[in-house]
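**Student:** Provided below: upload39.txt, containing compact mmCIF, C-alpha atoms.
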# COMPACT_ATOMS: atom_id res chain seq x y z
CA MET A 193 0.00 0.00 0.00
CA SER A 194 2.38 2.67 -1.23
CA GLU A 195 -0.13 4.82 -3.15
CA VAL A 196 -3.18 6.60 -1.82
CA THR A 197 -6.04 5.55 -4.09
CA THR A 198 -9.51 6.79 -3.27
CA PRO A 199 -11.97 3.87 -3.39
CA GLU A 200 -14.70 4.12 -6.00
CA VAL A 201 -17.49 2.58 -3.92
CA ARG A 202 -18.73 4.09 -0.67
CA PRO A 203 -20.93 2.30 1.86
CA GLN A 204 -24.52 3.19 0.99
CA ARG A 205 -25.26 3.79 4.65
CA PRO A 206 -22.02 4.69 6.45
CA TYR A 207 -23.62 4.49 9.90
CA PHE A 208 -21.31 2.35 12.03
CA SER A 209 -21.83 4.04 15.41
CA SER A 210 -22.16 1.74 18.42
CA GLY A 211 -25.00 3.78 19.86
CA PRO A 212 -27.23 5.24 18.75
CA CYS A 213 -26.82 2.70 15.97
CA ALA A 214 -27.92 2.63 12.34
CA LYS A 215 -31.66 2.68 11.72
CA PRO A 216 -33.19 -0.36 10.04
CA PRO A 217 -32.37 -0.23 6.29
CA VAL A 218 -36.03 0.31 5.31
CA TRP A 219 -36.58 3.09 7.85
CA SER A 220 -37.78 6.61 7.07
CA PRO A 221 -39.65 9.02 9.36
CA ASP A 222 -42.75 9.10 7.16
CA LYS A 223 -43.24 5.37 7.79
CA LEU A 224 -43.78 5.81 11.54
CA ALA A 225 -47.30 5.61 12.94
CA THR A 226 -48.21 8.96 14.45
CA GLU A 227 -51.75 8.48 15.78
CA SER A 228 -50.44 8.22 19.37
CA LEU A 229 -48.50 11.50 19.18
CA GLY A 230 -50.02 14.42 21.02
CA ARG A 231 -52.12 12.01 23.07
CA SER A 232 -51.75 11.03 26.70
CA HIS A 233 -49.76 7.86 27.25
CA ARG A 234 -52.53 7.01 29.73
CA ALA A 235 -55.18 7.21 27.00
CA LYS A 236 -56.34 3.97 25.40
CA ILE A 237 -54.24 4.52 22.27
CA GLY A 238 -51.10 5.19 24.31
CA LYS A 239 -51.57 2.17 26.54
CA THR A 240 -52.35 0.00 23.52
CA ARG A 241 -49.20 1.01 21.65
CA LEU A 242 -46.98 0.61 24.71
CA ALA A 243 -48.43 -2.83 25.39
CA TYR A 244 -47.97 -3.76 21.72
CA CYS A 245 -44.31 -2.70 21.89
CA ILE A 246 -43.82 -4.92 24.95
CA ASP A 247 -45.55 -7.84 23.23
CA LEU A 248 -43.34 -7.47 20.16
CA MET A 249 -40.19 -7.39 22.30
CA ARG A 250 -41.32 -10.54 24.09
CA GLU A 251 -41.96 -12.27 20.78
CA MET A 252 -38.70 -11.18 19.12
CA LEU A 253 -36.62 -12.08 22.19
CA GLN A 254 -38.42 -15.41 22.59
CA LEU A 255 -38.88 -14.43 26.22
CA PRO A 256 -40.66 -17.03 28.37
CA ASP A 257 -43.86 -16.21 30.22
CA THR A 258 -41.94 -16.48 33.50
CA HIS A 259 -40.22 -13.15 32.76
CA ARG A 260 -41.81 -9.70 32.91
CA ILE A 261 -40.76 -6.91 30.56
CA GLY A 262 -41.23 -3.19 31.11
CA ILE A 263 -40.30 0.13 29.54
CA VAL A 264 -38.51 2.43 32.00
CA PRO A 265 -36.73 5.83 32.00
CA GLY A 266 -33.08 6.55 31.34
CA SER A 267 -32.02 4.14 28.61
CA ASP A 268 -30.06 1.00 29.57
CA THR A 269 -28.26 2.91 32.30
CA GLY A 270 -31.53 3.90 33.94
CA ALA A 271 -32.85 0.35 33.75
CA PHE A 272 -29.72 -1.16 35.30
CA GLU A 273 -29.58 1.50 38.00
CA MET A 274 -33.23 0.80 38.80
CA ALA A 275 -32.46 -2.89 39.23
CA MET A 276 -29.44 -2.22 41.45
CA TRP A 277 -31.13 0.32 43.70
CA THR A 278 -34.30 -1.73 44.20
CA MET A 279 -32.84 -5.24 44.60
CA LEU A 280 -29.30 -5.08 45.96
CA GLY A 281 -28.48 -5.17 49.65
CA ALA A 282 -30.07 -8.49 50.54
CA ARG A 283 -26.89 -10.47 49.75
CA PRO A 284 -23.20 -9.79 49.18
CA VAL A 285 -22.42 -8.44 45.71
CA THR A 286 -19.88 -9.43 43.07
CA ALA A 287 -19.28 -6.97 40.23
CA LEU A 288 -17.46 -7.99 37.05
CA ALA A 289 -15.69 -5.36 34.96
CA TRP A 290 -13.82 -5.67 31.70
CA GLU A 291 -14.91 -2.40 30.09
CA SER A 292 -16.23 1.04 31.03
CA PHE A 293 -19.88 0.24 31.69
CA GLY A 294 -18.99 -2.67 33.94
CA GLU A 295 -16.71 -0.27 35.79
CA GLY A 296 -19.69 2.03 36.16
CA TRP A 297 -21.65 -0.66 37.98
CA VAL A 298 -18.61 -1.28 40.21
CA THR A 299 -18.54 2.42 41.10
CA ASP A 300 -22.25 2.54 41.88
CA ALA A 301 -22.19 -0.59 44.02
CA ALA A 302 -19.10 0.54 45.93
CA LYS A 303 -19.38 4.31 46.19
CA GLN A 304 -23.09 5.08 45.86
CA LEU A 305 -24.73 2.07 47.52
CA ARG A 306 -21.63 1.37 49.68
CA LEU A 307 -22.02 -2.37 49.47
CA ASP A 308 -18.29 -3.29 49.52
CA PRO A 309 -18.60 -5.56 46.49
CA THR A 310 -16.18 -8.26 45.46
CA ILE A 311 -14.67 -6.93 42.23
CA ILE A 312 -13.37 -9.19 39.47
CA ARG A 313 -11.65 -7.25 36.69
CA ALA A 314 -9.93 -7.88 33.39
CA ASP A 315 -8.16 -5.54 30.99
CA TYR A 316 -9.83 -4.28 27.83
CA GLY A 317 -9.90 -7.11 25.31
CA GLN A 318 -9.91 -9.80 27.98
CA LEU A 319 -12.58 -11.68 29.91
CA PRO A 320 -12.08 -12.34 33.63
CA ASP A 321 -11.98 -15.85 35.05
CA LEU A 322 -15.69 -16.55 35.37
CA THR A 323 -15.03 -19.60 37.55
CA GLN A 324 -14.10 -17.18 40.36
CA VAL A 325 -17.71 -16.04 40.72
CA ASP A 326 -19.41 -16.99 43.97
CA TRP A 327 -23.08 -17.50 43.18
CA SER A 328 -24.14 -17.10 46.79
CA ASN A 329 -23.69 -13.41 45.85
CA ASP A 330 -25.72 -11.17 43.59
CA VAL A 331 -23.63 -10.79 40.43
CA LEU A 332 -23.46 -7.72 38.16
CA PHE A 333 -22.00 -8.03 34.65
CA THR A 334 -22.26 -6.86 31.05
CA TRP A 335 -23.22 -9.64 28.66
CA ASN A 336 -21.58 -7.87 25.73
CA GLY A 337 -19.05 -5.17 26.56
CA THR A 338 -19.88 -2.40 24.10
CA THR A 339 -16.66 -0.47 24.75
CA SER A 340 -14.26 -3.44 24.70
CA GLY A 341 -15.82 -5.82 22.18
CA VAL A 342 -15.69 -8.65 24.74
CA ARG A 343 -18.70 -10.78 25.68
CA VAL A 344 -19.44 -13.78 27.80
CA PRO A 345 -19.49 -16.80 25.44
CA ASN A 346 -22.67 -18.29 26.92
CA GLY A 347 -24.54 -18.76 30.17
CA ASP A 348 -22.89 -22.01 31.24
CA TRP A 349 -20.88 -20.21 33.94
CA ILE A 350 -24.08 -19.05 35.69
CA ALA A 351 -25.01 -21.59 38.36
CA ASP A 352 -28.39 -23.29 38.08
CA ASP A 353 -28.59 -23.52 41.87
CA ARG A 354 -27.45 -19.93 42.48
CA ALA A 355 -28.65 -18.29 45.67
CA GLY A 356 -27.85 -14.80 44.40
CA LEU A 357 -29.39 -13.02 41.44
CA SER A 358 -27.76 -12.60 38.04
CA PHE A 359 -27.92 -8.98 36.78
CA ALA A 360 -27.06 -8.81 33.07
CA ASP A 361 -26.53 -5.51 31.32
CA ALA A 362 -27.48 -6.97 27.94
CA THR A 363 -27.83 -3.84 25.85
CA SER A 364 -25.53 -4.88 22.98
CA ALA A 365 -26.48 -8.54 23.26
CA VAL A 366 -30.27 -8.78 23.01
CA PHE A 367 -31.53 -9.45 19.46
CA ALA A 368 -28.04 -10.64 18.47
CA TYR A 369 -27.51 -13.82 20.51
CA ASP A 370 -29.53 -16.65 21.99
CA LEU A 371 -29.79 -15.66 25.65
CA PRO A 372 -30.46 -18.37 28.26
CA TRP A 373 -33.36 -16.73 30.07
CA ASP A 374 -33.42 -19.43 32.75
CA LYS A 375 -29.94 -18.18 33.78
CA ILE A 376 -30.86 -14.46 33.80
CA ASP A 377 -32.78 -12.99 36.71
CA VAL A 378 -32.47 -9.36 35.63
CA ALA A 379 -31.67 -8.07 32.14
CA THR A 380 -31.58 -4.54 30.79
CA PHE A 381 -31.14 -2.97 27.38
CA SER A 382 -31.90 0.04 25.20
CA TRP A 383 -33.66 0.28 21.86
CA GLN A 384 -30.74 2.33 20.49
CA LYS A 385 -28.47 -0.68 20.00
CA VAL A 386 -29.42 -3.73 17.88
CA LEU A 387 -32.85 -2.35 17.00
CA GLY A 388 -31.45 1.00 15.88
CA GLY A 389 -34.13 2.76 17.91
CA GLU A 390 -34.03 6.11 19.65
CA GLY A 391 -32.34 6.66 23.02
CA GLY A 392 -33.89 7.79 26.28
CA HIS A 393 -35.87 4.72 27.24
CA GLY A 394 -34.62 1.52 28.83
CA VAL A 395 -36.10 -1.95 28.99
CA LEU A 396 -36.11 -3.96 32.22
CA ILE A 397 -36.67 -7.72 32.20
CA LEU A 398 -37.35 -9.52 35.48
CA GLY A 399 -37.35 -13.24 36.07
CA PRO A 400 -39.39 -14.80 38.91
CA ARG A 401 -36.48 -14.75 41.37
CA ALA A 402 -36.02 -11.01 40.81
CA VAL A 403 -39.73 -10.42 41.46
CA GLU A 404 -39.45 -12.44 44.66
CA ARG A 405 -36.52 -10.24 45.74
CA LEU A 406 -38.55 -7.09 45.13
CA GLU A 407 -41.46 -8.44 47.14
CA THR A 408 -39.37 -9.60 50.10
CA HIS A 409 -36.56 -7.04 50.33
CA THR A 410 -36.77 -3.40 51.34
CA PRO A 411 -33.66 -1.37 50.40
CA ALA A 412 -31.85 0.47 53.18
CA TRP A 413 -31.72 3.66 51.10
CA PRO A 414 -34.46 5.96 49.79
CA LEU A 415 -35.63 5.38 46.23
CA PRO A 416 -36.42 8.15 43.74
CA LYS A 417 -39.86 7.95 42.15
CA VAL A 418 -38.54 6.81 38.77
CA PHE A 419 -36.96 3.72 40.41
CA ARG A 420 -39.98 2.50 42.36
CA LEU A 421 -41.28 -0.88 41.22
CA MET A 422 -43.38 -1.58 44.31
CA SER A 423 -46.72 0.00 45.14
CA LYS A 424 -48.55 -0.54 48.43
CA GLY A 425 -46.42 -3.55 49.26
CA ALA A 426 -46.92 -5.31 45.91
CA LEU A 427 -45.15 -5.33 42.55
CA ALA A 428 -46.36 -2.51 40.31
CA GLU A 429 -47.63 -4.88 37.63
CA GLY A 430 -48.78 -2.00 35.45
CA VAL A 431 -45.17 -1.15 34.62
CA PHE A 432 -44.96 -4.46 32.78
CA LYS A 433 -48.15 -3.84 30.83
CA GLY A 434 -47.23 -0.47 29.38
CA GLU A 435 -48.17 1.80 32.29
CA THR A 436 -44.82 3.57 32.42
CA ILE A 437 -43.54 5.19 35.61
CA ASN A 438 -43.14 8.56 33.92
CA THR A 439 -44.17 10.06 30.57
CA PRO A 440 -42.51 8.25 27.65
CA SER A 441 -41.82 9.66 24.21
CA MET A 442 -44.50 8.07 22.08
CA LEU A 443 -42.44 8.99 19.01
CA ALA A 444 -39.59 6.85 20.38
CA VAL A 445 -42.09 4.08 21.13
CA GLU A 446 -43.44 4.19 17.58
CA ASP A 447 -39.87 4.13 16.27
CA ALA A 448 -39.17 1.02 18.34
CA ILE A 449 -42.36 -0.61 17.10
CA PHE A 450 -41.26 0.04 13.51
CA ALA A 451 -37.90 -1.65 14.18
CA LEU A 452 -39.56 -4.61 15.90
CA GLU A 453 -42.02 -5.09 13.04
CA TRP A 454 -39.08 -4.97 10.62
CA ALA A 455 -37.35 -7.62 12.74
CA LYS A 456 -40.48 -9.75 12.58
CA SER A 457 -40.50 -9.49 8.79
CA LEU A 458 -36.97 -10.97 8.77
CA GLY A 459 -38.06 -14.03 10.72
CA GLY A 460 -37.61 -12.58 14.19
CA LEU A 461 -34.61 -13.34 16.35
CA ASP A 462 -33.11 -15.81 13.88
CA GLY A 463 -33.20 -13.21 11.12
CA LEU A 464 -31.58 -10.57 13.31
CA LYS A 465 -28.85 -12.98 14.43
CA ALA A 466 -28.14 -14.00 10.83
CA ARG A 467 -27.61 -10.39 9.76
CA SER A 468 -25.33 -9.64 12.70
CA ASP A 469 -23.34 -12.84 12.16
CA ALA A 470 -22.86 -12.00 8.46
CA ASN A 471 -21.67 -8.50 9.32
CA ALA A 472 -19.21 -9.76 11.93
CA ALA A 473 -17.88 -12.36 9.47
CA ALA A 474 -17.38 -9.69 6.80
CA LEU A 475 -15.44 -7.52 9.24
CA ASP A 476 -13.39 -10.54 10.37
CA LYS A 477 -12.35 -11.04 6.74
CA ILE A 478 -11.26 -7.41 6.47
CA VAL A 479 -9.14 -7.77 9.63
CA GLU A 480 -7.58 -11.06 8.51
CA GLU A 481 -6.44 -9.50 5.23
CA ARG A 482 -4.59 -6.59 6.88
CA ASP A 483 -1.48 -6.97 9.01
CA TRP A 484 -1.97 -3.49 10.52
CA LEU A 485 -5.43 -4.28 11.86
CA SER A 486 -6.37 -6.70 14.67
CA HIS A 487 -9.17 -7.49 17.08
CA LEU A 488 -8.88 -6.02 20.57
CA ALA A 489 -10.67 -9.18 21.78
CA ALA A 490 -8.16 -11.84 20.80
CA ASP A 491 -10.33 -14.86 21.69
CA PRO A 492 -13.08 -15.46 19.08
CA ALA A 493 -15.17 -17.30 21.70
CA SER A 494 -15.59 -14.09 23.72
CA ARG A 495 -15.49 -11.60 20.84
CA SER A 496 -18.53 -9.44 20.28
CA LYS A 497 -20.50 -9.86 17.06
CA THR A 498 -22.11 -6.46 17.46
CA SER A 499 -19.72 -3.87 18.90
CA VAL A 500 -16.45 -4.94 17.33
CA CYS A 501 -13.33 -3.19 18.65
CA LEU A 502 -10.17 -3.13 16.54
CA SER A 503 -6.54 -2.18 17.19
CA VAL A 504 -4.53 -0.25 14.60
CA ALA A 505 -0.79 -0.92 14.61
CA GLY A 506 1.17 2.00 16.04
CA ALA A 507 -1.89 4.20 16.50
CA ASP A 508 -2.36 6.61 19.37
CA ALA A 509 -5.46 8.63 20.25
CA ASP A 510 -4.59 11.49 17.88
CA PHE A 511 -4.03 9.09 14.99
CA ILE A 512 -7.40 7.44 15.56
CA LYS A 513 -9.18 10.79 15.84
CA THR A 514 -7.71 11.93 12.53
CA PHE A 515 -8.34 8.52 10.92
CA ALA A 516 -12.02 8.59 11.86
CA GLY A 517 -12.29 12.25 10.85
CA LEU A 518 -10.99 11.54 7.34
CA LEU A 519 -13.60 8.84 6.81
CA GLU A 520 -16.39 11.02 8.16
CA LYS A 521 -15.38 13.89 5.89
CA GLU A 522 -15.55 11.55 2.89
CA GLY A 523 -18.94 10.20 3.94
CA ALA A 524 -17.45 6.70 4.07
CA ALA A 525 -17.88 5.91 7.79
CA TYR A 526 -19.37 7.79 10.70
CA ASP A 527 -18.42 7.49 14.39
CA ILE A 528 -15.94 4.60 14.25
CA ALA A 529 -13.37 5.87 16.75
CA GLY A 530 -13.14 3.68 19.84
CA TYR A 531 -14.76 4.64 23.14
CA ARG A 532 -12.98 7.43 24.99
CA ASP A 533 -11.94 5.21 27.95
CA ALA A 534 -10.82 2.28 25.80
CA PRO A 535 -7.35 1.81 24.29
CA PRO A 536 -6.99 3.86 21.07
CA GLY A 537 -8.59 1.98 18.21
CA LEU A 538 -11.65 1.61 16.02
CA ARG A 539 -15.13 0.45 16.98
CA ILE A 540 -17.44 -0.74 14.21
CA TRP A 541 -21.03 -1.73 14.85
CA CYS A 542 -22.04 -4.99 13.17
CA GLY A 543 -25.57 -5.32 14.52
CA ALA A 544 -28.55 -6.33 12.42
CA THR A 545 -29.45 -2.85 11.17
CA VAL A 546 -26.16 -2.60 9.26
CA ASP A 547 -26.00 -4.07 5.74
CA THR A 548 -23.21 -6.57 5.05
CA ALA A 549 -22.45 -4.89 1.72
CA ASP A 550 -21.61 -1.69 3.62
CA ILE A 551 -19.19 -3.56 5.89
CA GLU A 552 -17.52 -5.04 2.81
CA ALA A 553 -17.31 -1.62 1.16
CA LEU A 554 -15.67 -0.23 4.29
CA GLY A 555 -12.47 -2.29 3.90
CA PRO A 556 -10.87 -0.27 1.06
CA TRP A 557 -11.74 2.96 2.88
CA LEU A 558 -9.92 1.77 5.97
CA ASP A 559 -6.90 1.15 3.73
CA TRP A 560 -7.26 4.61 2.21
CA ALA A 561 -7.36 6.35 5.59
CA TYR A 562 -4.43 4.32 6.94
CA VAL A 563 -2.19 4.94 3.93
CA SER A 564 -3.20 8.61 3.80
CA LEU A 565 -2.02 9.12 7.37
CA LYS A 566 1.09 6.96 7.08
CA SER A 567 2.10 8.84 3.95
Kindly transcribe the structure held in the file into structure tokens.

**Tutor:**
Amino acid sequence: MSEVTTPEVRPQRPYFSSGPCAKPPVWSPDKLATESLGRSHRAKIGKTRLAYCIDLMREMLQLPDTHRIGIVPGSDTGAFEMAMWTMLGARPVTALAWESFGEGWVTDAAKQLRLDPTIIRADYGQLPDLTQVDWSNDVLFTWNGTTSGVRVPNGDWIADDRAGLSFADATSAVFAYDLPWDKIDVATFSWQKVLGGEGGHGVLILGPRAVERLETHTPAWPLPKVFRLMSKGALAEGVFKGETINTPSMLAVEDAIFALEWAKSLGGLDGLKARSDANAAALDKIVEERDWLSHLAADPASRSKTSVCLSVAGADADFIKTFAGLLEKEGAAYDIAGYRDAPPGLRIWCGATVDTADIEALGPWLDWAYVSLKS
């Protein structure tokens, strides 16, 4: 690569951000239903659309009837915080961290809730030794580390006879992998990841053991209104039927419904997984063909298929910033610089809303940017 040759073909949709992510390929604003806009979310139409969104998520996730699903404030962060603040404190806590969001849960458990958690860490690109986990504890972890590109390979490490609860921040994992719902007591995610939906709202999934915890445990700290899942000593069941705690954006709800209906047209979860798998495979091929590019997550078994983090030989933060800026200026790739707390590198979203042809078209542009800077 001694000459700088501008590629002839650009990705048709150069949206490779890891959140908010690319919209579904058939999306346009004029296709969204708008009858619920300007209406109360407590009106029949609002409740109906919220309940329909929940039903679609249940169907697309193949979620068993044992698990409740609710729309809550504050994106994935709000949903996970809600789970921590309402359910922790009954047992010792173990927090796993191998990227920035896992570190966030460590901070909250240690410094905000002051629970003195057991902390099991690994460097970016690595997965900690999951056999160290004591399942008499409540366990906090990210299923798919969005900022490191490292995921747990499966749920085999989660004990069937666990006494503690499993809390999975699953925001870059749902709709991309088969999740073992019998192993997950609490899961959270945001529409802005694999569905390509809008931010601002989180989704909270509770298994029966999590519901039991809510009904039998009273936290030692005060709870803000937007975190309260109990009402008059009983679970606020309405939250899991579309009666949101605070006012939702019905435009965001309609946007999520559009994405879920698109997912259904693909064959549901299997269709979404197939698209993500094809995208990840296309990016793997690009990496394999370039000696200056490598995966931050060295082990394929724990490598994300959605938020894929790459290392660029000899690159520092300034190099990556300029690299990503060149591609953005050319309209070839948007928002592919790695997360600010991660080692300098690239981060390319391969979730289902990205087209494989656009991943394939990205390869020559990565070459162009690299040679342009090295020249």

**Student:** Any idea what's packed within 6 Å of range 288-295 of chain A, counting only C-alpha atoms, ignoring anything in its chain fewer than 4 positions away? Could you give it as a PyMOL selection string?

**Tutor:** chain A and resi 311-316+333+339-340

**Student:** Mind checking which residues fall within 12 Å of Ala362 in chain A, counting only C-alpha atoms, ignoring those fewer than 6 positions away in the same chain, and posting them as a PyMOL selection string?

**Tutor:** chain A and resi 253+268-269+271-272+293-294+332-338+343-344+368-373+376-383+385-386+394-397+498

**Student:** Save the residues we just selected, C-alpha atoms, as a JSON list (two decimals), in the coordinates of the input?

**Tutor:**
[["chain", "number", "residue", "atom", "x", "y", "z"],
["A", 253, "LEU", "CA", -36.62, -12.08, 22.19],
["A", 268, "ASP", "CA", -30.06, 1.00, 29.57],
["A", 269, "THR", "CA", -28.26, 2.91, 32.30],
["A", 271, "ALA", "CA", -32.85, 0.35, 33.75],
["A", 272, "PHE", "CA", -29.72, -1.16, 35.30],
["A", 293, "PHE", "CA", -19.88, 0.24, 31.69],
["A", 294, "GLY", "CA", -18.99, -2.67, 33.94],
["A", 332, "LEU", "CA", -23.46, -7.72, 38.16],
["A", 333, "PHE", "CA", -22.00, -8.03, 34.65],
["A", 334, "THR", "CA", -22.26, -6.86, 31.05],
["A", 335, "TRP", "CA", -23.22, -9.64, 28.66],
["A", 336, "ASN", "CA", -21.58, -7.87, 25.73],
["A", 337, "GLY", "CA", -19.05, -5.17, 26.56],
["A", 338, "THR", "CA", -19.88, -2.40, 24.10],
["A", 343, "ARG", "CA", -18.70, -10.78, 25.68],
["A", 344, "VAL", "CA", -19.44, -13.78, 27.80],
["A", 368, "ALA", "CA", -28.04, -10.64, 18.47],
["A", 369, "TYR", "CA", -27.51, -13.82, 20.51],
["A", 370, "ASP", "CA", -29.53, -16.65, 21.99],
["A", 371, "LEU", "CA", -29.79, -15.66, 25.65],
["A", 372, "PRO", "CA", -30.46, -18.37, 28.26],
["A", 373, "TRP", "CA", -33.36, -16.73, 30.07],
["A", 376, "ILE", "CA", -30.86, -14.46, 33.80],
["A", 377, "ASP", "CA", -32.78, -12.99, 36.71],
["A", 378, "VAL", "CA", -32.47, -9.36, 35.63],
["A", 379, "ALA", "CA", -31.67, -8.07, 32.14],
["A", 380, "THR", "CA", -31.58, -4.54, 30.79],
["A", 381, "PHE", "CA", -31.14, -2.97, 27.38],
["A", 382, "SER", "CA", -31.90, 0.04, 25.20],
["A", 383, "TRP", "CA", -33.66, 0.28, 21.86],
["A", 385, "LYS", "CA", -28.47, -0.68, 20.00],
["A", 386, "VAL", "CA", -29.42, -3.73, 17.88],
["A", 394, "GLY", "CA", -34.62, 1.52, 28.83],
["A", 395, "VAL", "CA", -36.10, -1.95, 28.99],
["A", 396, "LEU", "CA", -36.11, -3.96, 32.22],
["A", 397, "ILE", "CA", -36.67, -7.72, 32.20],
["A", 498, "THR", "CA", -22.11, -6.46, 17.46]]

**Student:** Which residue out of A:Gly391, A:Gly262, A:Pro320, A:Pro416 has the minimum interatomic distance to Met249 in chain A when all atoms listed in the file are used?

**Tutor:** A:Gly262

**Student:** Between A:Gly238, A:Gly347, A:Pro216, A:Pro199, which has the minimum distance to Lys433 in chain A (counting all atoms listed in the file)?

**Tutor:**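 Among A:Gly238, A:Gly347, A:Pro216, A:Pro199, it is A:Gly238 that comes nearest to Lys433 in chain A.
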
**Student:** Can you tell me, as a PyMOL selection string, which residues sit within 12 Å of (-21.1, -25.7, 36.5) in the file's frame, using all atoms listed in the file?

**Tutor:** chain A and resi 322-327+347-354+375

**Student:** Go ahead and compute the interatomic distance for CA of Met276 in chain A and CA of Ile437 in chain A, in Å to one decimal.

**Tutor:**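 These atoms are spaced 17.0 Å apart.
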
**Student:** Have a look at A:Val504, A:Ala472, A:Ala282, A:Val331 and name the one nearest to Ile540 in chain A; count all atoms listed in the file.

**Tutor:** A:Ala472

**Student:** Please list as a PyMOL selection string every residue within 9 Å of Gly389 in chain A, counting all atoms listed in the file and excluding residues in the same chain fewer than 5 positions away.

**Tutor:** chain A and resi 212-216+382-384+444-445+447-451

**Student:** Selected residues, C-alpha atoms, written as a compact mmCIF listing (two decimals), in the coordinates of the input, please.

**Tutor:**
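What ended up in again35.txt:
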# COMPACT_ATOMS: atom_id res chain seq x y z
CA PRO A 212 -27.23 5.24 18.75
CA CYS A 213 -26.82 2.70 15.97
CA ALA A 214 -27.92 2.63 12.34
CA LYS A 215 -31.66 2.68 11.72
CA PRO A 216 -33.19 -0.36 10.04
CA SER A 382 -31.90 0.04 25.20
CA TRP A 383 -33.66 0.28 21.86
CA GLN A 384 -30.74 2.33 20.49
CA ALA A 444 -39.59 6.85 20.38
CA VAL A 445 -42.09 4.08 21.13
CA ASP A 447 -39.87 4.13 16.27
CA ALA A 448 -39.17 1.02 18.34
CA ILE A 449 -42.36 -0.61 17.10
CA PHE A 450 -41.26 0.04 13.51
CA ALA A 451 -37.90 -1.65 14.18

**Student:** Name the closest residue to Ser267 in chain A among the candidates A:Pro440, A:Pro284, A:Gly399, A:Gly425; distances are taken between atoms, counting all atoms listed in the file.

**Tutor:**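 Closest to Ser267 in chain A of all the choices is A:Pro440.
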
**Student:** Quick check, in Å to one decimal: how far apart do CA of Asn329 in chain A and CA of Asp308 in chain A lie?

**Tutor:**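 It comes out at 12.0 Å.
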
**Student:** Do a neighbour search on Phe432 in chain A at 9 Å with all atoms listed in the file, toss out local chain neighbours closer than 3 positions, and write the hits as a CSV table (one decimal) with C-alpha atoms, keeping the file's coordinate frame.

**Tutor:**
chain,number,residue,atom,x,y,z
A,243,ALA,CA,-48.4,-2.8,25.4
A,246,ILE,CA,-43.8,-4.9,25.0
A,260,ARG,CA,-41.8,-9.7,32.9
A,261,ILE,CA,-40.8,-6.9,30.6
A,262,GLY,CA,-41.2,-3.2,31.1
A,263,ILE,CA,-40.3,0.1,29.5
A,396,LEU,CA,-36.1,-4.0,32.2
A,397,ILE,CA,-36.7,-7.7,32.2
A,428,ALA,CA,-46.4,-2.5,40.3
A,429,GLU,CA,-47.6,-4.9,37.6
A,435,GLU,CA,-48.2,1.8,32.3
A,436,THR,CA,-44.8,3.6,32.4

**Student:** Name all residues at most 8 Å from range 453-470 of chain A (count all atoms listed in the file; drop same-chain ones fewer than 5 positions away) and give them as a list in words.

**Tutor:**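 With the cut-off at 8 Å, the set is Pro216, Leu248, Glu251, Met252, Leu253, Gln254, Phe367, Ala368, Tyr369, Lys497, Thr498, Cys542, Gly543, Ala544, Thr545, Val546, Asp547 and Thr548 of chain A.
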
**Student:** Interatomic distance between CA of Glu273 in chain A and CA of Met442 in chain A?

**Tutor:**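 Pair CA of Glu273 in chain A / CA of Met442 in chain A returns 22.8 Å.
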
**Student:** Select, from A:Ala524, A:Leu305, A:Leu255, A:Ala505, the residue with the minimum atom-to-atom distance to Trp557 in chain A, counting all atoms listed in the file.

**Tutor:**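 Of A:Ala524, A:Leu305, A:Leu255, A:Ala505, the one nearest Trp557 in chain A, counting all atoms listed in the file, is A:Ala524.
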
**Student:** Calculated over all atoms listed in the file, which of the candidates A:Pro203, A:Gly270, A:Pro265, A:Gly281 has the smallest distance to Thr408 in chain A?

**Tutor:**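 Distance minimum relative to Thr408 in chain A lands on A:Gly281.
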
**Student:** Counting only C-alpha atoms, note down every residue that has an atom within 6 Å of the point (-27.1, -7.1, 44.3) (file coordinates), as a list in words.

**Tutor:** Leu280, Gly281, Val285 and Asp330 of chain A

**Student:** Could range 359-364 of chain A be completed with N, CA, C and O atoms and returned as a tab-separated table (two decimals), keeping the file's coordinate frame?

**Tutor:**
chain	number	residue	atom	x	y	z
A	359	PHE	N	-27.53	-10.27	37.37
A	359	PHE	CA	-27.92	-8.98	36.78
A	359	PHE	C	-27.13	-8.79	35.50
A	359	PHE	O	-25.91	-8.53	35.55
A	360	ALA	N	-27.76	-8.90	34.35
A	360	ALA	CA	-27.06	-8.81	33.07
A	360	ALA	C	-27.41	-7.50	32.36
A	360	ALA	O	-28.56	-7.28	31.98
A	361	ASP	N	-26.41	-6.65	32.22
A	361	ASP	CA	-26.53	-5.51	31.32
A	361	ASP	C	-26.37	-6.09	29.91
A	361	ASP	O	-25.26	-6.39	29.48
A	362	ALA	N	-27.48	-6.24	29.21
A	362	ALA	CA	-27.48	-6.97	27.94
A	362	ALA	C	-27.73	-6.08	26.74
A	362	ALA	O	-28.20	-6.53	25.70
A	363	THR	N	-27.38	-4.79	26.86
A	363	THR	CA	-27.83	-3.84	25.85
A	363	THR	C	-27.26	-4.07	24.46
A	363	THR	O	-27.90	-3.73	23.49
A	364	SER	N	-26.07	-4.59	24.31
A	364	SER	CA	-25.53	-4.88	22.98
A	364	SER	C	-25.62	-6.36	22.64
A	364	SER	O	-25.01	-6.81	21.66
